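The structure appears below as structure tokens.
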Amino acid sequence: MHYLAKYILRRLGWKCIAQSQFKKKFVLVAAPHTSNWDFPLMLFFGFALNLNYNWLGKHTLFFWPLGGLMKRLGGIPVNRTKKNSYVSNLAERISEKERCILIIPPEGTRSRTEYWKSGFIHIAKEACVPIVFANLDYKNKSLEFSDGCCYSRSASEIIQAARGFYKNSSPLYPKKFGPVRLKP
């Protein structure tokens, strides 16, 4: 899959811009999430960069017969209609593994939202892992990664870092990318 993904991305004209070497464990914030194309592009980049990562997706994506494939691709179903201990369970999953990159789209949807969900911050803090921001830039056809943001920073400092990183973002559908902020 590594070589196939590199070939596909190159043929589509996409490139990767990494700020620093990747740590063994981190929470990867994938934003803006405005299109169905974001998911396959992130998967291709994961294979091309040899990043073995997990990602969160709504439970309705994991239907038969594709559910098994989605899980093999690193998917973790999330049912937002039920109360669960997702933060603790995901933090524990990260802690148990030698290498773990957990991709979280903080908007939680491809539609415009006024606030990001704060779960990525809570998971990183509980697992004691850095937060890395990833930006799919459709204008320049590039995926850019930030340096790691320390989990011990306050939520407002983390959001401020995210706001700075995403300020010049070029999503596929710009009107669907809302402000980078948490609910007060």
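Identifiers in the structure tokens: chain A, B, ... in order shown; residue index from 1 per chain; ligand index from 1 in order shown.
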
Per-residue nearest contacts range 96-162 of chain A to range 27-35 of chain A, cut-off 10 Å, using only C-alpha atoms, as CSV:
residue,atom,partner,partner_atom,distance
A:Cys100,CA,A:Val27,CA,8.4
A:Ile101,CA,A:Val27,CA,5.8
A:Leu102,CA,A:Val27,CA,4.9
A:Ile103,CA,A:Leu28,CA,4.6
A:Ile104,CA,A:Val29,CA,5.1
A:Pro105,CA,A:Ala30,CA,4.8
A:Pro106,CA,A:Val29,CA,6.7
A:Glu107,CA,A:His33,CA,7.0
A:Gly108,CA,A:His33,CA,8.2
A:Thr109,CA,A:His33,CA,6.9
A:Arg110,CA,A:Thr34,CA,4.3
A:Ser111,CA,A:Thr34,CA,6.3
A:Arg112,CA,A:Thr34,CA,7.7
A:Phe120,CA,A:Val27,CA,6.8
A:Ile121,CA,A:Val27,CA,8.5
A:Ile123,CA,A:Val27,CA,7.8
A:Ala124,CA,A:Val27,CA,6.1
A:Lys125,CA,A:Val27,CA,9.9
A:Ala127,CA,A:Val27,CA,9.3
A:Cys128,CA,A:Val27,CA,9.9
A:Val129,CA,A:Val27,CA,6.9
A:Pro130,CA,A:Val27,CA,6.4
A:Ile131,CA,A:Val27,CA,4.8
A:Val132,CA,A:Leu28,CA,4.9
A:Phe133,CA,A:Val29,CA,4.8
A:Ala134,CA,A:Ala30,CA,5.1
A:Asn135,CA,A:Ala31,CA,5.7
A:Leu136,CA,A:Pro32,CA,7.2
A:Asp137,CA,A:Pro32,CA,8.9
A:Phe145,CA,A:Leu28,CA,8.9
A:Ser146,CA,A:Leu28,CA,9.6
A:Gly148,CA,A:Val27,CA,9.2
A:Cys149,CA,A:Val27,CA,9.7
A:Tyr151,CA,A:Val27,CA,9.5
A:Ala162,CA,A:Val29,CA,9.0

Please write the residues from the selection above to a file, keeping C-alpha atoms, as a compact mmCIF listing (two decimals), in the first residue's frame.
# COMPACT_ATOMS: atom_id res chain seq x y z
CA CYS A 100 -0.28 5.05 18.10
CA ILE A 101 -1.48 7.98 16.05
CA LEU A 102 -5.11 8.81 16.62
CA ILE A 103 -6.73 11.04 13.98
CA ILE A 104 -9.62 13.16 15.19
CA PRO A 105 -11.65 15.62 13.11
CA PRO A 106 -12.54 18.15 15.83
CA GLU A 107 -15.46 19.54 13.85
CA GLY A 108 -17.12 16.12 14.03
CA THR A 109 -18.82 16.64 10.66
CA ARG A 110 -18.23 17.88 7.13
CA SER A 111 -20.78 20.64 7.68
CA ARG A 112 -19.92 24.04 9.09
CA PHE A 120 -8.94 15.64 21.21
CA ILE A 121 -7.55 17.83 24.01
CA ILE A 123 -7.63 12.44 25.08
CA ALA A 124 -4.14 13.90 24.60
CA LYS A 125 -4.02 15.12 28.21
CA ALA A 127 -2.79 9.79 27.42
CA CYS A 128 0.05 12.32 27.97
CA VAL A 129 0.79 12.62 24.25
CA PRO A 130 1.35 15.67 22.03
CA ILE A 131 -1.21 17.12 19.64
CA VAL A 132 -0.21 17.55 16.00
CA PHE A 133 -2.33 19.56 13.57
CA ALA A 134 -2.79 18.40 9.97
CA ASN A 135 -4.11 20.58 7.17
CA LEU A 136 -5.24 19.33 3.75
CA ASP A 137 -4.63 22.33 1.53
CA PHE A 145 1.73 18.90 9.66
CA SER A 146 2.51 21.16 12.59
CA GLY A 148 3.72 18.81 18.30
CA CYS A 149 1.74 20.92 20.74
CA TYR A 151 -0.74 18.31 26.02
CA ALA A 162 -4.63 25.63 16.16

Identify all residues of chain A in helix (DSSP H, G or I) (DSSP on the backbone) and supply them as number ranges by chain.
A: 2-12, 38-48, 59-61, 67-72, 86-96, 119-127, 155-166, 174-176

Residues of range 1-176 of chain A classed as strand (DSSP E or B) by DSSP on the backbone are to be reported as a PyMOL selection string.
chain A and resi 15-18+25-30+53-58+75-78+100-104+116+131-137+142-145+149

Include C-alpha atoms and write out the residues we just selected as an mmCIF file, in the first residue's frame.
data_model
loop_
_atom_site.group_PDB
_atom_site.id
_atom_site.type_symbol
_atom_site.label_atom_id
_atom_site.label_comp_id
_atom_site.auth_asym_id
_atom_site.auth_seq_id
_atom_site.Cartn_x
_atom_site.Cartn_y
_atom_site.Cartn_z
ATOM 1 C CA LYS A 15 2.665 16.541 -1.710
ATOM 2 C CA CYS A 16 3.406 16.410 2.019
ATOM 3 C CA ILE A 17 4.980 19.125 4.137
ATOM 4 C CA ALA A 18 6.106 17.831 7.530
ATOM 5 C CA LYS A 25 2.366 8.512 19.812
ATOM 6 C CA PHE A 26 0.232 11.580 19.282
ATOM 7 C CA VAL A 27 -3.263 12.847 18.632
ATOM 8 C CA LEU A 28 -3.549 14.119 15.057
ATOM 9 C CA VAL A 29 -6.125 16.871 14.561
ATOM 10 C CA ALA A 30 -7.460 16.603 11.000
ATOM 11 C CA TYR A 53 -2.858 5.401 12.482
ATOM 12 C CA ASN A 54 -6.326 5.013 13.887
ATOM 13 C CA TRP A 55 -9.206 7.349 13.142
ATOM 14 C CA LEU A 56 -12.606 8.051 14.597
ATOM 15 C CA GLY A 57 -15.701 7.737 12.459
ATOM 16 C CA LYS A 58 -19.396 7.727 13.139
ATOM 17 C CA GLY A 75 -11.279 2.923 12.042
ATOM 18 C CA ILE A 76 -12.821 3.179 15.480
ATOM 19 C CA PRO A 77 -16.619 3.526 15.452
ATOM 20 C CA VAL A 78 -18.102 6.280 17.610
ATOM 21 C CA CYS A 100 -0.282 5.051 18.098
ATOM 22 C CA ILE A 101 -1.479 7.983 16.048
ATOM 23 C CA LEU A 102 -5.114 8.807 16.619
ATOM 24 C CA ILE A 103 -6.733 11.035 13.982
ATOM 25 C CA ILE A 104 -9.620 13.161 15.194
ATOM 26 C CA TRP A 116 -14.859 22.385 17.742
ATOM 27 C CA ILE A 131 -1.215 17.116 19.644
ATOM 28 C CA VAL A 132 -0.209 17.552 16.000
ATOM 29 C CA PHE A 133 -2.332 19.565 13.571
ATOM 30 C CA ALA A 134 -2.790 18.398 9.969
ATOM 31 C CA ASN A 135 -4.110 20.581 7.165
ATOM 32 C CA LEU A 136 -5.245 19.326 3.747
ATOM 33 C CA ASP A 137 -4.633 22.333 1.530
ATOM 34 C CA SER A 142 -0.475 19.590 0.035
ATOM 35 C CA LEU A 143 -0.814 18.031 3.453
ATOM 36 C CA GLU A 144 0.954 20.055 6.123
ATOM 37 C CA PHE A 145 1.733 18.897 9.661
ATOM 38 C CA CYS A 149 1.739 20.924 20.736
#

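Nearest to Ser118 in chain A of all the residues A:Met42, A:Leu73, A:Ile94, A:Ile158 is A:Ile158, based on only C-alpha atoms.
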
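Between CA of Asn79 in chain A and CA of Leu61 in chain A there is a distance of 10.4 Å.
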
Figure out the distance between CA of Pro40 in chain A and CA of Lys139 in chain A, please, to one decimal in Å.
17.3 Å

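Distance check against Arg72 in chain A using only C-alpha atoms: of A:Leu43, A:Ala48, A:Ile159, A:Leu182, the minimum falls on A:Leu43.
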
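If you look at CA of Glu157 in chain A and CA of Phe39 in chain A, they are 27.4 Å away from each other.
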